[in-house]
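Heads up, run-v4.txt below (compact mmCIF, N, CA and C atoms):
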```
# COMPACT_ATOMS: atom_id res chain seq x y z
N MET G 11 123.88 -36.21 47.68
CA MET G 11 124.08 -35.51 48.93
C MET G 11 122.75 -34.90 49.37
N PRO G 12 122.30 -35.13 50.60
CA PRO G 12 121.02 -34.60 51.06
C PRO G 12 121.07 -33.08 51.29
N ILE G 13 119.91 -32.47 51.19
CA ILE G 13 119.76 -31.04 51.40
C ILE G 13 118.82 -30.84 52.57
N TYR G 14 119.19 -29.97 53.50
CA TYR G 14 118.42 -29.73 54.71
C TYR G 14 117.94 -28.28 54.73
N ALA G 15 116.73 -28.06 55.27
CA ALA G 15 116.18 -26.72 55.41
C ALA G 15 116.51 -26.20 56.80
N VAL G 16 117.02 -24.99 56.87
CA VAL G 16 117.33 -24.34 58.14
C VAL G 16 116.37 -23.17 58.31
N LYS G 17 115.63 -23.17 59.41
CA LYS G 17 114.69 -22.09 59.73
C LYS G 17 115.49 -20.88 60.20
N THR G 18 115.13 -19.69 59.66
CA THR G 18 115.84 -18.46 60.00
C THR G 18 114.85 -17.36 60.36
N THR G 19 115.38 -16.26 60.85
CA THR G 19 114.59 -15.05 61.04
C THR G 19 114.25 -14.49 59.66
N ALA G 20 113.04 -13.94 59.52
CA ALA G 20 112.63 -13.37 58.23
C ALA G 20 113.59 -12.27 57.80
N SER G 21 113.89 -12.21 56.54
CA SER G 21 114.77 -11.23 55.90
C SER G 21 116.24 -11.38 56.27
N GLN G 22 116.61 -12.48 56.89
CA GLN G 22 118.01 -12.71 57.26
C GLN G 22 118.57 -13.95 56.58
N GLU G 23 117.89 -14.43 55.54
CA GLU G 23 118.27 -15.67 54.88
C GLU G 23 119.67 -15.59 54.26
N LYS G 24 119.96 -14.52 53.54
CA LYS G 24 121.26 -14.39 52.89
C LYS G 24 122.39 -14.29 53.91
N THR G 25 122.14 -13.60 55.01
CA THR G 25 123.14 -13.48 56.07
C THR G 25 123.46 -14.84 56.67
N VAL G 26 122.41 -15.61 56.95
CA VAL G 26 122.61 -16.94 57.53
C VAL G 26 123.35 -17.85 56.55
N ALA G 27 122.97 -17.82 55.27
CA ALA G 27 123.64 -18.65 54.26
C ALA G 27 125.13 -18.29 54.17
N ASP G 28 125.43 -17.00 54.18
CA ASP G 28 126.84 -16.57 54.13
C ASP G 28 127.61 -17.04 55.35
N MET G 29 127.00 -16.93 56.52
CA MET G 29 127.69 -17.33 57.75
C MET G 29 127.90 -18.85 57.82
N ILE G 30 126.96 -19.61 57.28
CA ILE G 30 127.14 -21.07 57.23
C ILE G 30 128.32 -21.41 56.33
N MET G 31 128.43 -20.75 55.20
CA MET G 31 129.51 -21.05 54.26
C MET G 31 130.87 -20.54 54.77
N GLU G 32 130.88 -19.56 55.67
CA GLU G 32 132.13 -19.07 56.25
C GLU G 32 132.77 -20.09 57.18
N ARG G 33 132.03 -21.09 57.59
CA ARG G 33 132.54 -22.09 58.55
C ARG G 33 133.64 -22.95 57.96
N GLU G 34 133.76 -23.02 56.66
CA GLU G 34 134.81 -23.78 55.98
C GLU G 34 134.90 -25.23 56.46
N ASP G 35 133.76 -25.86 56.61
CA ASP G 35 133.70 -27.27 56.98
C ASP G 35 133.53 -28.07 55.69
N ASP G 36 134.39 -29.04 55.46
CA ASP G 36 134.33 -29.83 54.23
C ASP G 36 133.05 -30.66 54.12
N ARG G 37 132.36 -30.84 55.22
CA ARG G 37 131.13 -31.63 55.20
C ARG G 37 129.91 -30.79 54.84
N ILE G 38 130.05 -29.47 54.77
CA ILE G 38 129.00 -28.57 54.29
C ILE G 38 129.40 -28.12 52.90
N HIS G 39 128.57 -28.46 51.92
CA HIS G 39 128.96 -28.24 50.52
C HIS G 39 128.37 -26.97 49.91
N ALA G 40 127.15 -26.60 50.30
CA ALA G 40 126.52 -25.43 49.68
C ALA G 40 125.40 -24.90 50.57
N ALA G 41 125.10 -23.62 50.42
CA ALA G 41 123.96 -22.99 51.09
C ALA G 41 123.24 -22.12 50.08
N LEU G 42 121.92 -22.21 50.05
CA LEU G 42 121.11 -21.50 49.07
C LEU G 42 120.02 -20.72 49.80
N ALA G 43 119.91 -19.42 49.49
CA ALA G 43 118.88 -18.57 50.08
C ALA G 43 118.09 -17.91 48.95
N PRO G 44 117.14 -18.63 48.34
CA PRO G 44 116.38 -18.05 47.23
C PRO G 44 115.44 -16.94 47.70
N ASP G 45 115.24 -15.94 46.85
CA ASP G 45 114.37 -14.80 47.18
C ASP G 45 112.93 -15.24 47.42
N SER G 46 112.48 -16.26 46.71
CA SER G 46 111.08 -16.68 46.81
C SER G 46 110.81 -17.57 48.02
N LEU G 47 111.80 -17.92 48.79
CA LEU G 47 111.64 -18.78 49.96
C LEU G 47 111.96 -17.96 51.21
N THR G 48 110.94 -17.55 51.93
CA THR G 48 111.12 -16.69 53.10
C THR G 48 111.36 -17.51 54.35
N SER G 49 112.30 -17.09 55.17
CA SER G 49 112.61 -17.67 56.47
C SER G 49 113.27 -19.04 56.43
N TYR G 50 113.77 -19.45 55.28
CA TYR G 50 114.46 -20.73 55.18
C TYR G 50 115.71 -20.61 54.31
N VAL G 51 116.72 -21.39 54.66
CA VAL G 51 117.94 -21.52 53.87
C VAL G 51 118.10 -23.01 53.58
N MET G 52 118.42 -23.36 52.36
CA MET G 52 118.67 -24.75 51.99
C MET G 52 120.17 -25.00 52.07
N VAL G 53 120.56 -26.05 52.83
CA VAL G 53 121.98 -26.34 53.04
C VAL G 53 122.27 -27.78 52.62
N GLU G 54 123.27 -27.94 51.77
CA GLU G 54 123.69 -29.27 51.35
C GLU G 54 124.84 -29.70 52.28
N ALA G 55 124.59 -30.76 53.04
CA ALA G 55 125.58 -31.24 54.01
C ALA G 55 125.46 -32.76 54.15
N GLU G 56 126.47 -33.35 54.75
CA GLU G 56 126.47 -34.81 54.89
C GLU G 56 125.43 -35.28 55.90
N THR G 57 125.30 -34.58 57.04
CA THR G 57 124.29 -34.93 58.05
C THR G 57 123.73 -33.65 58.66
N PRO G 58 122.52 -33.71 59.22
CA PRO G 58 121.97 -32.50 59.86
C PRO G 58 122.73 -32.12 61.13
N GLY G 59 123.38 -33.08 61.76
CA GLY G 59 124.15 -32.78 62.97
C GLY G 59 125.27 -31.81 62.73
N ILE G 60 125.85 -31.83 61.55
CA ILE G 60 126.94 -30.90 61.20
C ILE G 60 126.41 -29.47 61.20
N ILE G 61 125.22 -29.30 60.65
CA ILE G 61 124.62 -27.96 60.59
C ILE G 61 124.23 -27.52 62.00
N GLU G 62 123.61 -28.42 62.77
CA GLU G 62 123.16 -28.08 64.12
C GLU G 62 124.31 -27.64 65.01
N ARG G 63 125.49 -28.19 64.77
CA ARG G 63 126.66 -27.83 65.57
C ARG G 63 126.97 -26.34 65.46
N TYR G 64 126.70 -25.73 64.30
CA TYR G 64 127.03 -24.32 64.08
C TYR G 64 125.88 -23.36 64.36
N LEU G 65 124.66 -23.85 64.54
CA LEU G 65 123.50 -22.97 64.69
C LEU G 65 123.59 -22.04 65.90
N ASP G 66 124.17 -22.50 67.00
CA ASP G 66 124.28 -21.63 68.18
C ASP G 66 125.21 -20.44 67.92
N GLU G 67 126.17 -20.61 67.02
CA GLU G 67 127.14 -19.56 66.74
C GLU G 67 126.63 -18.56 65.69
N ILE G 68 125.54 -18.91 64.99
CA ILE G 68 125.06 -18.08 63.89
C ILE G 68 123.80 -17.33 64.32
N PRO G 69 123.87 -15.99 64.41
CA PRO G 69 122.67 -15.24 64.75
C PRO G 69 121.61 -15.41 63.66
N HIS G 70 120.36 -15.38 64.03
CA HIS G 70 119.20 -15.47 63.13
C HIS G 70 118.95 -16.88 62.61
N ALA G 71 119.80 -17.85 62.89
CA ALA G 71 119.54 -19.24 62.51
C ALA G 71 118.79 -19.88 63.67
N ARG G 72 117.68 -20.53 63.38
CA ARG G 72 116.84 -21.09 64.44
C ARG G 72 117.04 -22.58 64.63
N SER G 73 116.71 -23.38 63.61
CA SER G 73 116.79 -24.83 63.75
C SER G 73 116.83 -25.49 62.38
N VAL G 74 117.19 -26.77 62.38
CA VAL G 74 117.16 -27.57 61.16
C VAL G 74 115.80 -28.25 61.12
N VAL G 75 115.09 -28.12 60.01
CA VAL G 75 113.78 -28.75 59.85
C VAL G 75 114.00 -30.26 59.72
N PRO G 76 113.24 -31.08 60.47
CA PRO G 76 113.41 -32.53 60.35
C PRO G 76 113.15 -33.02 58.93
N GLY G 77 113.94 -33.99 58.50
CA GLY G 77 113.79 -34.54 57.16
C GLY G 77 114.82 -33.96 56.22
N GLU G 78 114.93 -34.57 55.07
CA GLU G 78 115.88 -34.11 54.07
C GLU G 78 115.23 -34.03 52.71
N SER G 79 115.83 -33.26 51.83
CA SER G 79 115.35 -33.08 50.46
C SER G 79 116.45 -33.55 49.52
N ASP G 80 116.08 -33.69 48.27
CA ASP G 80 117.10 -33.98 47.27
C ASP G 80 117.11 -32.83 46.26
N ILE G 81 118.01 -32.90 45.34
CA ILE G 81 118.21 -31.80 44.38
C ILE G 81 116.96 -31.54 43.54
N ALA G 82 116.16 -32.56 43.27
CA ALA G 82 114.97 -32.38 42.45
C ALA G 82 113.96 -31.43 43.11
N GLU G 83 113.91 -31.41 44.43
CA GLU G 83 112.96 -30.56 45.13
C GLU G 83 113.37 -29.09 45.17
N VAL G 84 114.65 -28.80 45.01
CA VAL G 84 115.11 -27.41 45.05
C VAL G 84 115.61 -26.92 43.69
N GLU G 85 115.49 -27.75 42.69
CA GLU G 85 116.02 -27.42 41.36
C GLU G 85 115.38 -26.16 40.76
N HIS G 86 114.09 -25.95 41.03
CA HIS G 86 113.42 -24.78 40.46
C HIS G 86 113.96 -23.46 41.03
N PHE G 87 114.63 -23.50 42.18
CA PHE G 87 115.25 -22.29 42.74
C PHE G 87 116.55 -21.95 42.03
N LEU G 88 117.14 -22.91 41.32
CA LEU G 88 118.46 -22.72 40.74
C LEU G 88 118.45 -22.05 39.37
N SER G 89 117.32 -22.07 38.66
CA SER G 89 117.27 -21.43 37.35
C SER G 89 116.50 -20.12 37.47
N PRO G 90 117.06 -19.05 36.91
CA PRO G 90 116.41 -17.74 37.04
C PRO G 90 115.11 -17.66 36.24
N LYS G 91 114.15 -16.96 36.78
CA LYS G 91 112.86 -16.74 36.12
C LYS G 91 113.01 -15.56 35.16
N PRO G 92 112.55 -15.68 33.92
CA PRO G 92 112.67 -14.55 33.00
C PRO G 92 111.85 -13.35 33.51
N ASP G 93 112.38 -12.14 33.29
CA ASP G 93 111.71 -10.93 33.76
C ASP G 93 110.38 -10.69 33.05
N VAL G 94 110.20 -11.22 31.85
CA VAL G 94 108.97 -10.97 31.10
C VAL G 94 107.89 -11.99 31.43
N GLU G 95 108.17 -12.94 32.32
CA GLU G 95 107.17 -13.92 32.70
C GLU G 95 106.05 -13.21 33.46
N GLY G 96 104.82 -13.50 33.11
CA GLY G 96 103.68 -12.87 33.76
C GLY G 96 103.21 -11.61 33.06
N ILE G 97 103.87 -11.23 31.98
CA ILE G 97 103.47 -10.05 31.21
C ILE G 97 102.84 -10.54 29.91
N ALA G 98 101.72 -9.94 29.53
CA ALA G 98 101.03 -10.34 28.31
C ALA G 98 100.80 -9.11 27.43
N GLU G 99 100.61 -9.35 26.14
CA GLU G 99 100.32 -8.24 25.22
C GLU G 99 99.00 -7.59 25.64
N GLY G 100 98.99 -6.28 25.64
CA GLY G 100 97.81 -5.53 26.03
C GLY G 100 97.83 -5.08 27.49
N ASP G 101 98.76 -5.59 28.29
CA ASP G 101 98.86 -5.20 29.69
C ASP G 101 99.25 -3.73 29.80
N ILE G 102 98.77 -3.09 30.84
CA ILE G 102 99.14 -1.72 31.14
C ILE G 102 100.31 -1.79 32.12
N VAL G 103 101.41 -1.12 31.79
CA VAL G 103 102.61 -1.17 32.61
C VAL G 103 103.10 0.23 32.92
N GLU G 104 103.96 0.30 33.93
CA GLU G 104 104.64 1.55 34.26
C GLU G 104 106.13 1.32 34.09
N LEU G 105 106.81 2.24 33.43
CA LEU G 105 108.25 2.13 33.28
C LEU G 105 108.90 2.60 34.57
N ILE G 106 109.78 1.77 35.14
CA ILE G 106 110.38 2.08 36.44
C ILE G 106 111.85 2.44 36.33
N ALA G 107 112.37 2.49 35.11
CA ALA G 107 113.77 2.87 34.90
C ALA G 107 113.92 3.44 33.50
N GLY G 108 115.02 4.11 33.27
CA GLY G 108 115.32 4.64 31.94
C GLY G 108 114.77 6.04 31.74
N PRO G 109 114.87 6.56 30.52
CA PRO G 109 114.46 7.94 30.26
C PRO G 109 112.95 8.17 30.37
N PHE G 110 112.16 7.13 30.28
CA PHE G 110 110.71 7.27 30.37
C PHE G 110 110.18 6.84 31.73
N LYS G 111 111.00 6.88 32.75
CA LYS G 111 110.63 6.44 34.10
C LYS G 111 109.38 7.18 34.57
N GLY G 112 108.42 6.41 35.09
CA GLY G 112 107.17 6.98 35.58
C GLY G 112 106.07 7.03 34.55
N GLU G 113 106.39 6.81 33.29
CA GLU G 113 105.38 6.85 32.22
C GLU G 113 104.58 5.55 32.20
N LYS G 114 103.32 5.65 31.81
CA LYS G 114 102.47 4.47 31.65
C LYS G 114 102.45 4.11 30.17
N ALA G 115 102.35 2.81 29.91
CA ALA G 115 102.37 2.34 28.53
C ALA G 115 101.57 1.05 28.41
N GLN G 116 101.32 0.67 27.16
CA GLN G 116 100.63 -0.59 26.88
C GLN G 116 101.58 -1.51 26.14
N VAL G 117 101.62 -2.77 26.57
CA VAL G 117 102.52 -3.75 25.97
C VAL G 117 102.03 -4.11 24.57
N GLN G 118 102.91 -3.99 23.59
CA GLN G 118 102.59 -4.32 22.21
C GLN G 118 103.17 -5.67 21.79
N ARG G 119 104.41 -5.95 22.25
CA ARG G 119 105.09 -7.18 21.82
C ARG G 119 106.06 -7.62 22.92
N ILE G 120 106.22 -8.93 23.05
CA ILE G 120 107.13 -9.49 24.05
C ILE G 120 108.13 -10.39 23.35
N ASP G 121 109.41 -10.17 23.64
CA ASP G 121 110.48 -11.01 23.10
C ASP G 121 111.11 -11.75 24.28
N GLU G 122 110.63 -12.98 24.52
CA GLU G 122 111.11 -13.75 25.68
C GLU G 122 112.58 -14.15 25.52
N GLY G 123 113.03 -14.37 24.30
CA GLY G 123 114.42 -14.77 24.07
C GLY G 123 115.40 -13.70 24.50
N LYS G 124 115.07 -12.45 24.26
CA LYS G 124 115.95 -11.33 24.63
C LYS G 124 115.53 -10.70 25.95
N ASP G 125 114.42 -11.17 26.53
CA ASP G 125 113.90 -10.63 27.77
C ASP G 125 113.56 -9.15 27.62
N GLN G 126 112.93 -8.81 26.49
CA GLN G 126 112.57 -7.42 26.20
C GLN G 126 111.08 -7.31 25.91
N VAL G 127 110.55 -6.11 26.15
CA VAL G 127 109.15 -5.82 25.91
C VAL G 127 109.07 -4.54 25.08
N THR G 128 108.24 -4.55 24.06
CA THR G 128 107.99 -3.34 23.27
C THR G 128 106.67 -2.75 23.75
N VAL G 129 106.71 -1.48 24.17
CA VAL G 129 105.53 -0.82 24.70
C VAL G 129 105.25 0.44 23.89
N GLU G 130 104.01 0.91 24.02
CA GLU G 130 103.61 2.16 23.38
C GLU G 130 103.17 3.11 24.49
N LEU G 131 103.82 4.25 24.59
CA LEU G 131 103.53 5.20 25.67
C LEU G 131 102.14 5.79 25.51
N TYR G 132 101.42 5.93 26.62
CA TYR G 132 100.06 6.47 26.60
C TYR G 132 100.00 7.94 26.25
N GLU G 133 100.81 8.74 26.90
CA GLU G 133 100.67 10.19 26.79
C GLU G 133 101.54 10.79 25.69
N ALA G 134 102.05 9.96 24.81
CA ALA G 134 102.86 10.48 23.71
C ALA G 134 101.92 11.01 22.62
N THR G 135 102.28 12.14 22.03
CA THR G 135 101.47 12.73 20.96
C THR G 135 101.44 11.81 19.74
N VAL G 136 102.61 11.29 19.40
CA VAL G 136 102.72 10.35 18.29
C VAL G 136 103.06 8.99 18.90
N PRO G 137 102.25 7.96 18.60
CA PRO G 137 102.54 6.64 19.18
C PRO G 137 103.84 6.05 18.63
N ILE G 138 104.84 5.98 19.49
CA ILE G 138 106.14 5.43 19.10
C ILE G 138 106.42 4.19 19.94
N PRO G 139 106.72 3.08 19.29
CA PRO G 139 107.06 1.89 20.07
C PRO G 139 108.44 2.04 20.72
N VAL G 140 108.52 1.70 22.00
CA VAL G 140 109.76 1.78 22.76
C VAL G 140 110.06 0.38 23.28
N THR G 141 111.28 -0.11 23.05
CA THR G 141 111.68 -1.42 23.54
C THR G 141 112.51 -1.25 24.80
N VAL G 142 112.08 -1.94 25.87
CA VAL G 142 112.77 -1.87 27.16
C VAL G 142 113.00 -3.29 27.68
N ARG G 143 113.95 -3.41 28.62
CA ARG G 143 114.19 -4.71 29.27
C ARG G 143 113.02 -5.05 30.18
N GLY G 144 112.82 -6.32 30.40
CA GLY G 144 111.70 -6.79 31.22
C GLY G 144 111.77 -6.34 32.67
N ASP G 145 112.98 -6.08 33.18
CA ASP G 145 113.10 -5.65 34.57
C ASP G 145 112.90 -4.14 34.74
N GLN G 146 112.63 -3.43 33.64
CA GLN G 146 112.42 -1.99 33.71
C GLN G 146 110.95 -1.61 33.72
N ILE G 147 110.06 -2.60 33.81
CA ILE G 147 108.63 -2.30 33.83
C ILE G 147 107.96 -3.02 34.99
N ARG G 148 106.81 -2.47 35.38
CA ARG G 148 105.98 -3.07 36.42
C ARG G 148 104.55 -3.11 35.90
N VAL G 149 103.91 -4.28 35.99
CA VAL G 149 102.55 -4.44 35.48
C VAL G 149 101.58 -3.74 36.42
N LEU G 150 100.75 -2.87 35.86
CA LEU G 150 99.73 -2.17 36.64
C LEU G 150 98.38 -2.84 36.49
N ASP G 151 98.01 -3.16 35.24
CA ASP G 151 96.71 -3.77 34.97
C ASP G 151 96.89 -4.81 33.87
N SER G 152 96.36 -5.98 34.12
CA SER G 152 96.48 -7.06 33.15
C SER G 152 95.13 -7.37 32.53
N GLU G 153 95.08 -7.60 31.23
CA GLU G 153 93.83 -7.93 30.57
C GLU G 153 93.34 -9.31 30.92
N GLU G 154 94.24 -10.19 31.38
CA GLU G 154 93.87 -11.55 31.72
C GLU G 154 93.07 -11.63 33.02
N ARG G 155 93.16 -10.60 33.87
CA ARG G 155 92.48 -10.62 35.16
C ARG G 155 91.04 -10.26 35.04
```

Mind turning the file's structure into structure tokens?
Amino acid sequence: MPIYAVKTTASQEKTVADMIMEREDDRIHAALAPDSLTSYVMVEAETPGIIERYLDEIPHARSVVPGESDIAEVEHFLSPKPDVEGIAEGDIVELIAGPFKGEKAQVQRIDEGKDQVTVELYEATVPIPVTVRGDQIRVLDSEER
């Protein structure tokens, strides 16, 4: 089944995808609005004409991009990216959630399987390793840069 890109207003991708799927047309199979793809929604449908028929009724939907894609081109949007990707040992991070929110720390160990990072707080009197989830930290300075 071909996949078509629909041009949308910026920051309205999820709204457009939801409204396309509300149409309950058997010829439209799926709509995808990945966070990393701005101003576009990927729609799986039998023909682009089916999608174009509904675009006038959907606010923030602009047009169908000419051409079609297959599942291989959008497959990387379907699997979630681990939260610890892009973090390396020795990086300086800020904790953005939990009891140590706002504290700065240095990454000591990364557990990609559990999506956890062990950090050592900078301003602690006694260096104690703290294990937090990957989505609870933000990289401030990386040694690789």

- Task: Would you please work out which residue, of G:Gln118, G:Leu65, G:Pro109, G:Ala15, is nearest to G:Met52 when using only N, CA and C atoms?
- Result: G:Ala15

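When only N, CA and C atoms are used to compute distances to G:Gly77, the closest of the residues G:Thr128, G:Ile13, G:Glu34, G:Asp145 turns out to be G:Ile13.
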
- Provide the atom N of G:Pro137 to atom N of G:Val117 distance in Å, to one decimal place.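 Separating atom N of G:Pro137 from atom N of G:Val117 is a distance of 13.4 Å.
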
- Run DSSP on the backbone and grab whatever in stretch 43-145 of chain G lands in helix (DSSP H, G or I); send it over as a list in words. Pro58, Gly59, Ile60, Ile61, Glu62, Arg63, Tyr64, Leu65, Ile81, Ala82, Glu83, Val84, Glu85, His86, Phe87, Leu88, Gly144 and Asp145 of chain G

- Query: If I put a ball of radius 6.5 Å at (117.3, -17.2, 66.2) in the file's coordinates, which residues poke into it when counting all atoms listed in the file, written as JSON, numbers by chain?
  - Reply: {"G": [18, 19, 69, 70, 71, 72]}

Got time to write the residues from that selection, N, CA and C atoms, as a short mmCIF file (atom, residue, chain, number, x, y, z; two decimals), in the coordinates of the input?
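Output file part-v7.cif follows:
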```
data_model
loop_
_atom_site.label_atom_id
_atom_site.label_comp_id
_atom_site.auth_asym_id
_atom_site.auth_seq_id
_atom_site.Cartn_x
_atom_site.Cartn_y
_atom_site.Cartn_z
N THR G 18 115.13 -19.69 59.66
CA THR G 18 115.84 -18.46 60.00
C THR G 18 114.85 -17.36 60.36
N THR G 19 115.38 -16.26 60.85
CA THR G 19 114.59 -15.05 61.04
C THR G 19 114.25 -14.49 59.66
N PRO G 69 123.87 -15.99 64.41
CA PRO G 69 122.67 -15.24 64.75
C PRO G 69 121.61 -15.41 63.66
N HIS G 70 120.36 -15.38 64.03
CA HIS G 70 119.20 -15.47 63.13
C HIS G 70 118.95 -16.88 62.61
N ALA G 71 119.80 -17.85 62.89
CA ALA G 71 119.54 -19.24 62.51
C ALA G 71 118.79 -19.88 63.67
N ARG G 72 117.68 -20.53 63.38
CA ARG G 72 116.84 -21.09 64.44
C ARG G 72 117.04 -22.58 64.63
#
```

- Minimum-distance residue to G:Ala115, chosen among G:Ala43, G:Val149, G:Met11, G:Val103 (using all atoms listed in the file):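 The answer is G:Val103, which sits nearest to G:Ala115.
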
- Item | Separation of atom C of G:Pro92 from atom CA of G:Glu78 in Å |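 If I compute the distance from atom CA of G:Glu78 to atom C of G:Pro92, I get 29.5 Å.
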
- Query: When you draw a straight line from atom N of G:Val94 to atom CA of G:Gln116, how long is it in Å?
  - Reply: 15.1 Å

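Distances from G:Glu67, G:Ser89, G:Leu105, G:Thr57 to G:Glu32 were compared using only C-alpha atoms, and the smallest one belongs to G:Glu67.
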
Neighbour residues at most 8 Å from (115.0, -22.5, 53.7) (all atoms listed in the file) as a CSV table (one decimal) with N, CA and C atoms, in the frame of the given file:
```csv
chain,number,residue,atom,x,y,z
G,14,TYR,N,119.2,-30.0,53.5
G,14,TYR,CA,118.4,-29.7,54.7
G,14,TYR,C,117.9,-28.3,54.7
G,15,ALA,N,116.7,-28.1,55.3
G,15,ALA,CA,116.2,-26.7,55.4
G,15,ALA,C,116.5,-26.2,56.8
G,16,VAL,N,117.0,-25.0,56.9
G,16,VAL,CA,117.3,-24.3,58.1
G,16,VAL,C,116.4,-23.2,58.3
G,17,LYS,N,115.6,-23.2,59.4
G,17,LYS,CA,114.7,-22.1,59.7
G,17,LYS,C,115.5,-20.9,60.2
G,18,THR,N,115.1,-19.7,59.7
G,18,THR,CA,115.8,-18.5,60.0
G,18,THR,C,114.8,-17.4,60.4
G,23,GLU,N,117.9,-14.4,55.5
G,23,GLU,CA,118.3,-15.7,54.9
G,23,GLU,C,119.7,-15.6,54.3
G,42,LEU,N,121.9,-22.2,50.0
G,42,LEU,CA,121.1,-21.5,49.1
G,42,LEU,C,120.0,-20.7,49.8
G,43,ALA,N,119.9,-19.4,49.5
G,43,ALA,CA,118.9,-18.6,50.1
G,43,ALA,C,118.1,-17.9,49.0
G,44,PRO,N,117.1,-18.6,48.3
G,44,PRO,CA,116.4,-18.0,47.2
G,44,PRO,C,115.4,-16.9,47.7
G,47,LEU,N,111.8,-17.9,48.8
G,47,LEU,CA,111.6,-18.8,50.0
G,47,LEU,C,112.0,-18.0,51.2
G,48,THR,N,110.9,-17.6,51.9
G,48,THR,CA,111.1,-16.7,53.1
G,48,THR,C,111.4,-17.5,54.4
G,49,SER,N,112.3,-17.1,55.2
G,49,SER,CA,112.6,-17.7,56.5
G,49,SER,C,113.3,-19.0,56.4
G,50,TYR,N,113.8,-19.4,55.3
G,50,TYR,CA,114.5,-20.7,55.2
G,50,TYR,C,115.7,-20.6,54.3
G,51,VAL,N,116.7,-21.4,54.7
G,51,VAL,CA,117.9,-21.5,53.9
G,51,VAL,C,118.1,-23.0,53.6
G,52,MET,N,118.4,-23.4,52.4
G,52,MET,CA,118.7,-24.8,52.0
G,52,MET,C,120.2,-25.0,52.1
G,53,VAL,N,120.6,-26.0,52.8
G,53,VAL,CA,122.0,-26.3,53.0
G,53,VAL,C,122.3,-27.8,52.6
```

- Which neighbours of G:Glu122 fall inside 8 Å, counting only N, CA and C atoms, when residues of the same chain fewer than 3 positions from it are skipped, and could you give them as a PyMOL selection string? chain G and resi 92-95+119+125-127

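Minimum distance to G:Ala27 across G:Val129, G:Ala41, G:Ile60, G:Val74 (counting only C-alpha atoms) occurs at G:Ala41.
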